[in-house]
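Next up, data.txt (compact mmCIF, C-alpha atoms and all ligand atoms):
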```txt
# COMPACT_ATOMS: atom_id res chain seq x y z
CA MET H 1140 -29.10 -54.59 -12.35
CA PHE H 1141 -30.39 -52.06 -14.88
CA GLY H 1142 -32.78 -50.64 -12.29
CA LYS H 1143 -29.99 -50.29 -9.79
CA THR H 1144 -27.88 -48.32 -12.27
CA LEU H 1145 -30.78 -46.00 -13.01
CA VAL H 1146 -31.32 -45.32 -9.34
CA LEU H 1147 -27.61 -44.63 -8.95
CA LEU H 1148 -27.60 -42.27 -11.92
CA ALA H 1149 -30.63 -40.40 -10.61
CA PHE H 1150 -28.94 -40.14 -7.25
CA MET H 1151 -25.75 -38.74 -8.76
CA ALA H 1152 -27.68 -36.17 -10.79
CA LEU H 1153 -29.47 -35.03 -7.66
CA ALA H 1154 -26.23 -34.73 -5.70
CA GLU H 1155 -24.68 -32.68 -8.49
CA ALA H 1156 -27.70 -30.39 -8.68
CA SER H 1157 -27.61 -29.62 -4.97
CA GLY H 1158 -23.85 -28.91 -5.11
CA GLN H 1159 -24.08 -26.64 -8.12
CA CYS H 1160 -22.58 -23.17 -8.01
CA PRO H 1161 -25.41 -20.60 -7.69
CA ALA H 1162 -25.81 -18.60 -10.92
CA ILE H 1163 -25.34 -15.30 -9.10
CA TRP H 1164 -21.58 -15.90 -9.04
CA SER H 1165 -21.36 -15.69 -12.83
CA THR H 1166 -23.19 -12.36 -12.69
CA ILE H 1167 -20.75 -11.16 -10.03
CA ALA H 1168 -17.77 -12.31 -12.13
CA SER H 1169 -18.91 -10.24 -15.14
CA ASP H 1170 -19.66 -7.26 -12.95
CA LEU H 1171 -16.26 -7.27 -11.20
CA SER H 1172 -14.37 -7.91 -14.44
CA GLN H 1173 -15.55 -4.51 -15.71
CA SER H 1174 -13.55 -2.86 -12.93
CA PHE H 1175 -10.60 -5.26 -12.90
CA ILE H 1176 -9.57 -5.20 -16.58
CA GLY H 1177 -7.95 -2.01 -17.89
CA PHE H 1178 -5.81 -0.65 -20.70
CA ASN H 1179 -2.58 -1.87 -19.12
CA GLY H 1180 -3.78 -5.22 -17.91
CA CYS H 1181 -5.33 -5.48 -14.48
CA THR H 1182 -6.34 -2.35 -12.59
CA ASP H 1183 -5.68 -0.91 -9.15
CA LEU H 1184 -8.98 -2.38 -7.94
CA ALA H 1185 -7.77 -5.81 -9.11
CA ARG H 1186 -4.49 -5.47 -7.18
CA GLY H 1187 -6.51 -4.35 -4.19
CA ALA H 1188 -8.78 -7.39 -4.49
CA ILE H 1189 -5.86 -9.83 -4.40
CA ARG H 1190 -4.21 -8.18 -1.39
CA PHE H 1191 -7.57 -7.79 0.39
CA ALA H 1192 -8.23 -11.54 0.12
CA PHE H 1193 -4.79 -12.22 1.58
CA HIS H 1194 -5.38 -9.81 4.46
CA ASP H 1195 -8.79 -11.28 5.33
CA ALA H 1196 -7.57 -14.90 5.32
CA GLY H 1197 -3.97 -14.25 6.40
CA SER H 1198 -4.89 -12.96 9.85
CA TYR H 1199 -5.28 -16.59 10.91
CA SER H 1200 -2.64 -18.18 13.13
CA SER H 1201 -2.62 -21.58 14.79
CA LYS H 1202 -0.98 -19.86 17.76
CA THR H 1203 -3.95 -17.58 18.39
CA PRO H 1204 -6.11 -19.11 21.11
CA ALA H 1205 -9.25 -20.30 19.39
CA TYR H 1206 -12.15 -18.13 20.44
CA ALA H 1207 -15.57 -17.87 18.89
CA PRO H 1208 -16.77 -16.33 16.72
CA ALA H 1209 -13.57 -14.77 15.34
CA THR H 1210 -11.10 -17.19 13.84
CA GLY H 1211 -9.06 -14.53 12.11
CA GLY H 1212 -9.18 -16.62 8.94
CA ALA H 1213 -11.13 -16.24 5.70
CA ASP H 1214 -14.20 -15.01 7.55
CA GLY H 1215 -15.16 -11.72 5.94
CA SER H 1216 -14.13 -9.64 8.95
CA LEU H 1217 -11.97 -7.29 6.87
CA LEU H 1218 -15.11 -6.24 4.99
CA LEU H 1219 -17.59 -6.44 7.88
CA SER H 1220 -15.59 -4.81 10.68
CA SER H 1221 -14.79 -1.10 10.46
CA VAL H 1222 -12.02 -1.60 13.06
CA GLU H 1223 -9.94 -4.02 11.02
CA ILE H 1224 -9.76 -1.98 7.80
CA SER H 1225 -8.49 1.08 9.67
CA ARG H 1226 -5.42 -0.72 11.03
CA GLU H 1227 -2.04 0.42 9.73
CA GLU H 1228 -1.35 -3.04 8.25
CA ASN H 1229 -4.28 -2.45 5.89
CA ASN H 1230 -3.13 0.96 4.65
CA GLY H 1231 -3.52 1.19 0.90
CA LEU H 1232 -6.57 -1.09 0.88
CA GLN H 1233 -9.15 1.58 1.69
CA PRO H 1234 -10.05 2.53 -1.92
CA TYR H 1235 -10.76 -1.10 -2.72
CA TYR H 1236 -12.66 -1.49 0.55
CA GLY H 1237 -14.99 1.34 -0.52
CA PHE H 1238 -15.53 -0.29 -3.89
CA LEU H 1239 -16.10 -3.74 -2.41
CA ARG H 1240 -18.61 -2.50 0.14
CA GLY H 1241 -20.67 -0.97 -2.62
CA LYS H 1242 -20.63 -4.20 -4.61
CA TYR H 1243 -21.28 -6.34 -1.55
CA ASN H 1244 -24.33 -4.28 -0.61
CA GLN H 1245 -25.68 -5.01 -4.04
CA TYR H 1246 -25.33 -8.81 -3.68
CA LYS H 1247 -25.38 -9.52 0.05
CA SER H 1248 -28.86 -11.00 0.11
CA GLN H 1249 -27.44 -13.84 -2.00
CA VAL H 1250 -23.78 -14.22 -1.03
CA GLY H 1251 -21.58 -14.10 2.05
CA ALA H 1252 -18.81 -11.56 2.69
CA ALA H 1253 -15.95 -14.06 3.14
CA ASP H 1254 -16.89 -15.83 -0.10
CA PHE H 1255 -17.28 -12.52 -1.91
CA ILE H 1256 -13.76 -11.43 -0.89
CA GLN H 1257 -12.07 -14.65 -2.05
CA PHE H 1258 -14.15 -14.95 -5.23
CA ALA H 1259 -13.25 -11.36 -6.16
CA ALA H 1260 -9.55 -12.20 -5.80
CA SER H 1261 -9.90 -15.13 -8.20
CA VAL H 1262 -11.60 -12.87 -10.74
CA ALA H 1263 -8.87 -10.25 -10.20
CA ILE H 1264 -6.07 -12.75 -10.81
CA VAL H 1265 -7.47 -13.83 -14.19
CA SER H 1266 -7.97 -10.14 -15.03
CA CYS H 1267 -4.18 -9.74 -15.10
CA PRO H 1268 -3.07 -11.22 -18.45
CA GLY H 1269 -1.31 -14.49 -17.65
CA GLY H 1270 -3.19 -15.03 -14.39
CA PRO H 1271 -4.11 -18.65 -13.60
CA LYS H 1272 -7.54 -19.85 -12.56
CA VAL H 1273 -7.54 -20.64 -8.85
CA GLN H 1274 -9.92 -23.24 -7.46
CA THR H 1275 -12.65 -21.14 -5.87
CA VAL H 1276 -15.14 -22.42 -3.32
CA VAL H 1277 -18.10 -20.85 -1.48
CA GLY H 1278 -19.76 -21.65 1.82
CA ARG H 1279 -17.59 -19.81 4.36
CA LYS H 1280 -19.02 -18.44 7.62
CA ASP H 1281 -18.89 -14.70 8.18
CA THR H 1282 -18.09 -12.67 11.25
CA SER H 1283 -17.97 -8.95 11.92
CA THR H 1284 -15.65 -9.45 14.90
CA PRO H 1285 -12.25 -7.98 13.96
CA ALA H 1286 -9.44 -10.50 13.45
CA PRO H 1287 -6.60 -10.61 15.97
CA ASP H 1288 -4.08 -7.82 15.36
CA ASN H 1289 -0.44 -8.07 14.22
CA LEU H 1290 -0.65 -11.35 12.36
CA LEU H 1291 0.10 -9.92 8.93
CA PRO H 1292 3.69 -9.72 7.64
CA GLN H 1293 5.91 -6.62 7.76
CA ALA H 1294 7.66 -5.36 4.63
CA PHE H 1295 10.42 -3.43 6.44
CA GLY H 1296 12.40 -3.65 9.64
CA PRO H 1297 12.93 -6.57 12.03
CA GLY H 1298 9.58 -8.14 11.07
CA ALA H 1299 10.80 -8.41 7.47
CA ALA H 1300 13.65 -10.77 8.36
CA GLN H 1301 13.56 -14.09 6.52
CA GLN H 1302 13.28 -16.27 9.63
CA VAL H 1303 10.48 -14.15 11.12
CA LEU H 1304 8.44 -14.37 7.92
CA ILE H 1305 9.02 -18.11 7.51
CA GLN H 1306 7.78 -18.69 11.08
CA LEU H 1307 4.82 -16.32 10.72
CA PHE H 1308 3.56 -18.22 7.66
CA GLU H 1309 4.35 -21.62 9.14
CA ASP H 1310 2.04 -20.72 12.05
CA LYS H 1311 -0.69 -20.16 9.47
CA GLY H 1312 -0.07 -23.59 7.96
CA ILE H 1313 1.70 -22.12 4.91
CA SER H 1314 4.90 -23.94 3.96
CA GLN H 1315 8.04 -22.31 2.55
CA PRO H 1316 7.35 -23.51 -1.03
CA GLU H 1317 3.81 -22.13 -0.74
CA LEU H 1318 5.13 -18.82 0.58
CA ALA H 1319 7.61 -18.60 -2.30
CA ALA H 1320 4.72 -19.04 -4.74
CA LEU H 1321 2.26 -16.71 -2.98
CA ILE H 1322 4.69 -13.81 -2.68
CA GLY H 1323 4.74 -13.76 -6.50
CA ALA H 1324 1.35 -12.02 -6.26
CA HIS H 1325 3.55 -8.92 -5.95
CA THR H 1326 3.89 -9.22 -9.74
CA SER H 1327 0.67 -7.18 -9.74
CA SER H 1328 1.58 -4.84 -6.88
CA LYS H 1329 2.01 -1.05 -6.86
CA ALA H 1330 2.77 0.09 -3.33
CA ILE H 1331 1.14 3.41 -2.45
CA ALA H 1332 1.19 3.55 1.32
CA GLN H 1333 4.81 2.87 2.28
CA GLU H 1334 7.55 5.00 3.71
CA GLN H 1335 11.24 4.33 4.26
CA PHE H 1336 13.57 6.67 6.18
CA GLY H 1337 10.69 9.16 6.27
CA VAL H 1338 10.51 9.29 2.47
CA PRO H 1339 7.40 8.07 0.60
CA PHE H 1340 8.12 4.75 -1.05
CA ASP H 1341 5.56 4.46 -3.80
CA GLY H 1342 5.86 2.33 -6.88
CA PRO H 1343 5.50 -1.10 -8.45
CA GLN H 1344 7.26 -4.27 -7.30
CA ASP H 1345 8.11 -5.21 -10.87
CA SER H 1346 8.18 -3.27 -14.13
CA THR H 1347 4.91 -4.82 -15.40
CA PRO H 1348 2.33 -4.57 -12.59
CA GLY H 1349 -0.57 -5.01 -15.04
CA GLN H 1350 0.67 -8.46 -16.12
CA TRP H 1351 0.76 -11.74 -14.23
CA ASP H 1352 4.31 -12.73 -15.11
CA VAL H 1353 7.59 -13.80 -13.48
CA THR H 1354 9.47 -10.53 -13.91
CA TYR H 1355 8.86 -9.95 -10.18
CA TYR H 1356 11.01 -12.98 -9.41
CA SER H 1357 14.01 -11.76 -11.42
CA GLN H 1358 13.63 -8.07 -10.55
CA THR H 1359 13.47 -8.51 -6.76
CA ASP H 1360 17.22 -9.04 -6.82
CA SER H 1361 18.20 -6.83 -9.75
CA HIS H 1362 15.70 -4.04 -8.91
CA PRO H 1363 15.91 -1.99 -12.10
CA ARG H 1364 15.14 1.74 -11.97
CA GLY H 1365 11.53 2.38 -11.01
CA VAL H 1366 11.05 -0.99 -9.32
CA TYR H 1367 10.70 -0.92 -5.54
CA SER H 1368 11.52 -4.15 -3.74
CA PHE H 1369 10.41 -4.57 -0.14
CA GLU H 1370 13.03 -5.75 2.37
CA SER H 1371 10.74 -8.72 3.04
CA ASP H 1372 10.76 -9.71 -0.65
CA ILE H 1373 14.56 -9.39 -0.87
CA ASN H 1374 15.04 -11.44 2.30
CA LEU H 1375 12.64 -14.16 1.13
CA SER H 1376 14.50 -14.43 -2.17
CA ASN H 1377 17.78 -15.34 -0.41
CA PRO H 1378 18.67 -18.84 -1.72
CA ASN H 1379 20.16 -19.86 1.62
CA SER H 1380 16.70 -21.19 2.59
CA THR H 1381 13.98 -23.40 1.12
CA VAL H 1382 11.74 -20.40 0.49
CA GLY H 1383 14.60 -18.66 -1.34
CA GLN H 1384 15.50 -21.71 -3.40
CA VAL H 1385 11.91 -22.16 -4.53
CA PHE H 1386 11.69 -18.38 -5.15
CA GLN H 1387 14.75 -18.58 -7.44
CA SER H 1388 13.30 -21.61 -9.26
CA PHE H 1389 10.46 -19.40 -10.56
CA VAL H 1390 12.85 -16.96 -12.28
CA ASN H 1391 12.06 -17.35 -16.00
CA SER H 1392 9.68 -20.23 -15.30
CA LYS H 1393 6.10 -19.02 -15.57
CA SER H 1394 4.53 -22.46 -15.94
CA LYS H 1395 6.32 -23.72 -12.84
CA TRP H 1396 5.07 -20.71 -10.89
CA ASP H 1397 1.46 -21.09 -12.12
CA GLU H 1398 1.45 -24.72 -11.02
CA ALA H 1399 2.61 -23.74 -7.56
CA PHE H 1400 0.63 -20.52 -7.17
CA ALA H 1401 -2.88 -21.76 -7.95
CA PRO H 1402 -3.02 -24.48 -5.25
CA ALA H 1403 -1.24 -22.24 -2.71
CA MET H 1404 -3.78 -19.47 -3.30
CA ALA H 1405 -6.67 -21.96 -2.98
CA HIS H 1406 -5.18 -23.04 0.35
CA LEU H 1407 -4.84 -19.41 1.49
CA SER H 1408 -8.49 -18.79 0.59
CA VAL H 1409 -9.74 -21.27 3.21
CA LEU H 1410 -7.26 -20.47 5.99
CA GLY H 1411 -8.60 -20.99 9.49
CA ILE H 1412 -11.66 -22.97 8.38
CA PRO H 1413 -12.06 -26.44 9.93
CA GLU H 1414 -11.89 -29.35 7.47
CA SER H 1415 -15.35 -30.47 8.59
CA ASP H 1416 -16.83 -27.15 7.40
CA GLN H 1417 -14.87 -27.27 4.14
CA ALA H 1418 -16.49 -30.61 3.30
CA ASN H 1419 -19.77 -28.77 2.58
CA PHE H 1420 -18.27 -26.12 0.33
CA ILE H 1421 -19.49 -25.72 -3.23
CA ASP H 1422 -16.99 -25.40 -6.05
CA CYS H 1423 -17.55 -22.18 -8.02
CA THR H 1424 -14.35 -22.31 -10.08
CA SER H 1425 -16.48 -22.64 -13.21
CA ALA H 1426 -17.91 -19.15 -12.55
CA VAL H 1427 -14.41 -17.61 -12.63
CA PRO H 1428 -13.66 -16.40 -16.17
CA SER H 1429 -10.80 -18.02 -18.05
CA GLY H 1430 -7.50 -16.16 -18.30
CA SER H 1431 -7.73 -12.73 -19.85
CA ARG H 1432 -5.37 -13.13 -22.82
CA PHE H 1433 -8.39 -13.22 -25.10
CA ARG H 1434 -10.73 -11.14 -22.98
CA LEU H 1435 -12.00 -7.75 -24.02
CA ILE H 1436 -9.85 -4.88 -22.87
CA ARG H 1437 -12.21 -2.29 -21.49
CA ALA H 1438 -11.69 1.34 -20.75
CA ALA H 1439 -9.65 1.79 -17.58
CA PRO H 1440 -11.74 2.99 -14.64
CA ILE H 1441 -11.21 6.67 -14.06
CA ASN H 1442 -9.77 6.03 -10.61
CA ASP H 1443 -6.88 3.95 -11.94
CA ARG H 1444 -3.62 5.36 -10.61
CA ILE H 1445 -1.40 6.76 -13.34
CA ARG H 1446 2.28 5.84 -13.10
C1 LIG H 1501 6.00 -11.51 3.35
C2 LIG H 1501 4.75 -11.36 3.02
C3 LIG H 1501 4.17 -10.08 2.50
C4 LIG H 1501 4.48 -8.79 2.81
C5 LIG H 1501 5.50 -8.27 3.81
C6 LIG H 1501 3.65 -7.94 1.99
C7 LIG H 1501 3.63 -6.56 2.02
C8 LIG H 1501 2.99 -5.75 1.11
C9 LIG H 1501 3.06 -4.31 1.07
C10 LIG H 1501 3.84 -3.44 2.03
C11 LIG H 1501 2.33 -3.89 0.00
C12 LIG H 1501 2.14 -2.45 -0.48
C13 LIG H 1501 0.85 -1.85 0.05
C14 LIG H 1501 0.72 -0.42 -0.39
O1 LIG H 1501 1.58 0.39 -0.04
O2 LIG H 1501 -0.27 -0.07 -1.07
C15 LIG H 1501 1.80 -5.06 -0.64
C16 LIG H 1501 1.01 -5.05 -1.74
C17 LIG H 1501 0.41 -6.16 -2.27
N1 LIG H 1501 0.47 -7.44 -1.77
FE1 LIG H 1501 1.69 -8.09 -0.32
N2 LIG H 1501 2.85 -8.72 1.20
C18 LIG H 1501 3.14 -10.04 1.49
C19 LIG H 1501 2.53 -11.16 0.95
C20 LIG H 1501 1.51 -11.11 0.02
C21 LIG H 1501 0.72 -12.25 -0.38
C22 LIG H 1501 0.88 -13.66 0.18
C23 LIG H 1501 -0.17 -11.79 -1.31
C24 LIG H 1501 -1.24 -12.53 -2.05
C25 LIG H 1501 -1.25 -13.80 -2.29
C26 LIG H 1501 0.09 -10.38 -1.49
C27 LIG H 1501 -0.56 -9.57 -2.39
C28 LIG H 1501 -0.31 -8.23 -2.57
C29 LIG H 1501 -0.85 -7.44 -3.65
C30 LIG H 1501 -1.73 -7.94 -4.79
C31 LIG H 1501 -0.41 -6.13 -3.46
C32 LIG H 1501 -0.73 -4.91 -4.32
C33 LIG H 1501 -1.81 -4.05 -3.70
C34 LIG H 1501 -1.99 -2.74 -4.46
O3 LIG H 1501 -1.18 -2.41 -5.31
O4 LIG H 1501 -2.98 -2.07 -4.17
N3 LIG H 1501 1.08 -10.00 -0.65
N4 LIG H 1501 2.20 -6.18 0.08
C1 LIG H 1502 20.00 -16.32 5.10
O1 LIG H 1502 20.69 -15.10 5.11
C2 LIG H 1502 20.05 -14.04 5.82
C3 LIG H 1502 20.87 -12.77 5.65
O2 LIG H 1502 22.20 -12.98 5.90
C4 LIG H 1502 19.85 -14.44 7.29
O3 LIG H 1502 19.18 -13.44 7.98
C5 LIG H 1502 19.05 -15.73 7.34
O4 LIG H 1502 18.90 -16.17 8.66
C6 LIG H 1502 19.74 -16.81 6.51
N1 LIG H 1502 18.88 -17.98 6.48
C7 LIG H 1502 19.34 -19.20 6.77
C8 LIG H 1502 18.34 -20.30 6.70
O5 LIG H 1502 20.51 -19.42 7.06
C1 LIG H 1503 17.54 -10.37 8.80
C2 LIG H 1503 17.79 -9.86 7.42
O1 LIG H 1503 18.34 -10.55 6.59
N1 LIG H 1503 17.38 -8.63 7.16
C3 LIG H 1503 17.64 -7.98 5.90
C4 LIG H 1503 16.40 -7.87 5.07
O2 LIG H 1503 16.66 -7.14 3.88
C5 LIG H 1503 17.16 -5.85 4.09
C6 LIG H 1503 17.31 -5.21 2.72
O3 LIG H 1503 18.07 -5.99 1.86
C7 LIG H 1503 18.45 -5.88 4.87
O4 LIG H 1503 18.86 -4.54 5.13
C8 LIG H 1503 18.21 -6.62 6.17
O5 LIG H 1503 19.43 -6.74 6.86
```
With the file now loaded, output its structure as structure tokens.
Amino acid sequence: MFGKTLVLLAFMALAEASGQCPAIWSTIASDLSQSFIGFNGCTDLARGAIRFAFHDAGSYSSKTPAYAPATGGADGSLLLSSVEISREENNGLQPYYGFLRGKYNQYKSQVGAADFIQFAASVAIVSCPGGPKVQTVVGRKDTSTPAPDNLLPQAFGPGAAQQVLIQLFEDKGISQPELAALIGAHTSSKAIAQEQFGVPFDGPQDSTPGQWDVTYYSQTDSHPRGVYSFESDINLSNPNSTVGQVFQSFVNSKSKWDEAFAPAMAHLSVLGIPESDQANFIDCTSAVPSGSRFRLIRAAPINDRIR
């Protein structure tokens, strides 16, 4: 009996050791944090990291015929393919792409591109004061084949209609409540590459883009001076739908949003990856720093946009 228990314990210890998060991820977390934490909360590189992770994973659609090796999911193609990053849908992400390539070159003998992209987003989220820790796994397969085109959402025009967006995300396996939670990532957004009626449309999507808070949810409808709400955000907030009702439920309810956002973001981070592959993933959540309320505020990187 005693012997049996010992064998079992030894077995468990072994299993845990083999599934342990490689130490390099903690080094990467400290390194990236230096560029993601600034004077006014999280930096432009942090915003870029969060959107970049969405654009790598979010190109997945269940309606795309499955063809190897590109799945269009969280596969690193946005970092590894020079075609994908130059698409119009990725405008605004190029400065972060340059930064990420440099960092990836430094670590690529030890980590994969798809993992690096999603891990960086988790570090970026906690670099915005108030940002929750998202469950963060590693073990994804990489591809340099560009993802299928036109599977990312539009912020203006017919593609920004509520029904179109709901369907687009449903095809990715993202439900309306998940979409309502994920779109809150625009709490950290400062659009730089948009245009409406031929006029540049540059500015933040809430009045506190350095903070991870719920002002985005209240300001999408009230849009105070200086806040630029996308048509897509306004349409999603319409309470005549499930996505809109859940959207409205986050107004003034940060804890409710955190609870919904973290699992939705974890889901987004493995989009397009078969369950059988996910079974072998290693959990590296412990390498993601805890929320930045008590973290050192460092000097803002010199390339931080001033607004
Ligand atoms: C209906 C869905 C969505 C649409 C139409 C949309 C569209 C946009 C647009 C047009 C920008 C501005 C880009 C620029 O001009 O620099 C932006 C920024 C951003 N988006 Fe989204 N987005 C959507 C969903 C999401 C999701 C699901 C996430 C993440 C979970 C996300 C994260 C971000 C972030 C962090 C930024 C700020 C990037 C920066 O300031 O550099 N978005 N989005
Ligand atoms: C909600 O209202 C908008 C704008 O009038 C409309 O486009 C959308 O289809 C409506 N959604 C539902 C579910 O009725
Ligand atoms: C289909 C739909 O509701 N589109 C609307 C999206 O939001 C913009 C801005 O509020 C409206 O102009 C569109 O009519």
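Restricting the calculation to only C-alpha atoms and all ligand atoms, the smallest distance between ligand LIG 1501 (chain H) and any of H:Phe1178, H:Tyr1236, H:Trp1396, H:Phe1369 is found for H:Phe1369.
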Name each residue within 10 Å of ligand LIG 1502 (chain H), counting all atoms listed in the file, as a short mmCIF file (atom, residue, chain, number, x, y, z; two decimals) with C-alpha atoms, in the frame of the given file.
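Here's the written file out-v2.cif:
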```
data_model
loop_
_atom_site.label_atom_id
_atom_site.label_comp_id
_atom_site.auth_asym_id
_atom_site.auth_seq_id
_atom_site.Cartn_x
_atom_site.Cartn_y
_atom_site.Cartn_z
CA ALA H 1299 10.80 -8.41 7.47
CA ALA H 1300 13.65 -10.77 8.36
CA GLN H 1301 13.56 -14.09 6.52
CA GLN H 1302 13.28 -16.27 9.63
CA VAL H 1303 10.48 -14.15 11.12
CA ILE H 1305 9.02 -18.11 7.51
CA ILE H 1373 14.56 -9.39 -0.87
CA ASN H 1374 15.04 -11.44 2.30
CA LEU H 1375 12.64 -14.16 1.13
CA SER H 1376 14.50 -14.43 -2.17
CA ASN H 1377 17.78 -15.34 -0.41
CA PRO H 1378 18.67 -18.84 -1.72
CA ASN H 1379 20.16 -19.86 1.62
CA SER H 1380 16.70 -21.19 2.59
CA THR H 1381 13.98 -23.40 1.12
CA VAL H 1382 11.74 -20.40 0.49
CA GLY H 1383 14.60 -18.66 -1.34
#
```
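Near ligand LIG 1501 (chain H), the residues found within 6 Å are Asp1183, Arg1186, Gly1187, Ile1189, Arg1190, Phe1193, Gly1231, Pro1292, Gln1293, Ala1294, Leu1304, Leu1321, Ile1322, Ala1324, His1325, Ser1327, Ser1328, Lys1329, Ala1330, Ile1331, Ala1332, Gln1333 and Ser1371 of chain H (criterion computed using only C-alpha atoms and all ligand atoms).
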Considering only C-alpha atoms, tabulate each residue of segment 1259-1329 of chain H that lies at most 9 Å from segment 1398-1407 of chain H along with its nearest interatomic pair and the corresponding distance in Å to one decimal; arrange the rows by chain and ascending residue number and present them as a Markdown table.
```
| residue | atom | partner | partner_atom | distance |
| --- | --- | --- | --- | --- |
| H:Ser1261 | CA | H:Met1404 | CA | 9.0 |
| H:Pro1271 | CA | H:Ala1401 | CA | 6.6 |
| H:Lys1272 | CA | H:Ala1401 | CA | 6.8 |
| H:Val1273 | CA | H:Ala1401 | CA | 4.9 |
| H:Gln1274 | CA | H:Ala1405 | CA | 5.7 |
| H:Thr1275 | CA | H:Ala1405 | CA | 6.7 |
| H:Val1276 | CA | H:Ala1405 | CA | 8.5 |
| H:Ile1313 | CA | H:Leu1407 | CA | 7.9 |
| H:Pro1316 | CA | H:Ala1399 | CA | 8.1 |
| H:Glu1317 | CA | H:Ala1403 | CA | 5.4 |
| H:Leu1318 | CA | H:Ala1403 | CA | 7.9 |
| H:Ala1319 | CA | H:Phe1400 | CA | 8.7 |
| H:Ala1320 | CA | H:Phe1400 | CA | 5.0 |
| H:Leu1321 | CA | H:Phe1400 | CA | 5.9 |
| H:Gly1323 | CA | H:Phe1400 | CA | 7.9 |
| H:Ala1324 | CA | H:Phe1400 | CA | 8.6 |
```
Original post:
Suppose you want the space between atom CA of Lys1202 of chain H and atom CA of Leu1307 of chain H; what is it in Å?
Top reply: 9.8 Å
List the residues sitting within 12 Å of (-24.4, -24.7, -6.7) in the file's frame, using only C-alpha atoms, as a tab-separated table (two decimals) with C-alpha atoms, in the frame of the given file.
```
chain	number	residue	atom	x	y	z
H	1153	LEU	CA	-29.47	-35.03	-7.66
H	1154	ALA	CA	-26.23	-34.73	-5.70
H	1155	GLU	CA	-24.68	-32.68	-8.49
H	1156	ALA	CA	-27.70	-30.39	-8.68
H	1157	SER	CA	-27.61	-29.62	-4.97
H	1158	GLY	CA	-23.85	-28.91	-5.11
H	1159	GLN	CA	-24.08	-26.64	-8.12
H	1160	CYS	CA	-22.58	-23.17	-8.01
H	1161	PRO	CA	-25.41	-20.60	-7.69
H	1162	ALA	CA	-25.81	-18.60	-10.92
H	1163	ILE	CA	-25.34	-15.30	-9.10
H	1164	TRP	CA	-21.58	-15.90	-9.04
H	1165	SER	CA	-21.36	-15.69	-12.83
H	1250	VAL	CA	-23.78	-14.22	-1.03
H	1276	VAL	CA	-15.14	-22.42	-3.32
H	1277	VAL	CA	-18.10	-20.85	-1.48
H	1278	GLY	CA	-19.76	-21.65	1.82
H	1419	ASN	CA	-19.77	-28.77	2.58
H	1420	PHE	CA	-18.27	-26.12	0.33
H	1421	ILE	CA	-19.49	-25.72	-3.23
H	1422	ASP	CA	-16.99	-25.40	-6.05
H	1423	CYS	CA	-17.55	-22.18	-8.02
H	1424	THR	CA	-14.35	-22.31	-10.08
H	1425	SER	CA	-16.48	-22.64	-13.21
H	1426	ALA	CA	-17.91	-19.15	-12.55
```
If the box runs along x, y and z of the file and leaves 6 Å on each side of ligand LIG 1503 (chain H), what are its centre and edge lengths in Å, one decimal, as JSON?
```
{"center_x": 17.9, "center_y": -7.5, "center_z": 5.3, "size_x": 15.0, "size_y": 18.0, "size_z": 18.9}
```
Original post:
Please, what distance in Å, to one decimal, runs between atom N1 of ligand LIG 1503 (chain H) and atom CA of Gln1384 of chain H?
Top reply: 16.9 Å
Subject >> Among the residues H:Asp1281, H:Glu1370, H:Asp1170, H:Asp1254, the one that comes closest to ligand LIG 1503 (chain H) [using only C-alpha atoms and all ligand atoms] >> reply: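 The shortest atom-to-atom distance to ligand LIG 1503 (chain H) comes from H:Glu1370.
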**OP:** Quick one: pull the distance between atom O1 of ligand LIG 1503 (chain H) and atom CA of Gln1315 of chain H, Å, one decimal.
**Re:**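 Result for atom O1 of ligand LIG 1503 (chain H) versus atom CA of Gln1315 of chain H: 16.1 Å, one decimal.
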Subject >> Which of H:Pro1343, H:Gly1177, H:Gly1296, H:Gly1211 sits closest to Ile1412 of chain H [using all atoms listed in the file] >> reply: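 Looking at the shortest contact to Ile1412 of chain H, the residue is H:Gly1211.
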Subject >> Polymer residues at most 6 Å from (-16.0, -11.7, 10.0) by all atoms listed in the file, as an MDAnalysis selection string >> reply: chainID H and resid 1214:1216 1219 1281:1284
Original post:
Out of H:Leu1239, H:Ser1200, H:Ser1221, H:Leu1171, which residue has the shortest atom-to-atom distance to Phe1308 of chain H when counting all atoms listed in the file?
Top reply: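 Closest candidate: H:Ser1200.
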**OP:** Considering only C-alpha atoms and all ligand atoms, state which residue in the set H:Asp1416, H:Asp1372, H:Asp1397, H:Asp1352 is at the smallest distance from ligand LIG 1503 (chain H).
**Re:** H:Asp1372
Original post:
So which one's closest to ligand LIG 1503 (chain H), H:Gln1417, H:Pro1297, H:Phe1389, H:Ala1260? Using all atoms listed in the file, please.
Top reply: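 Ranked by minimum distance to ligand LIG 1503 (chain H), first place goes to H:Pro1297.
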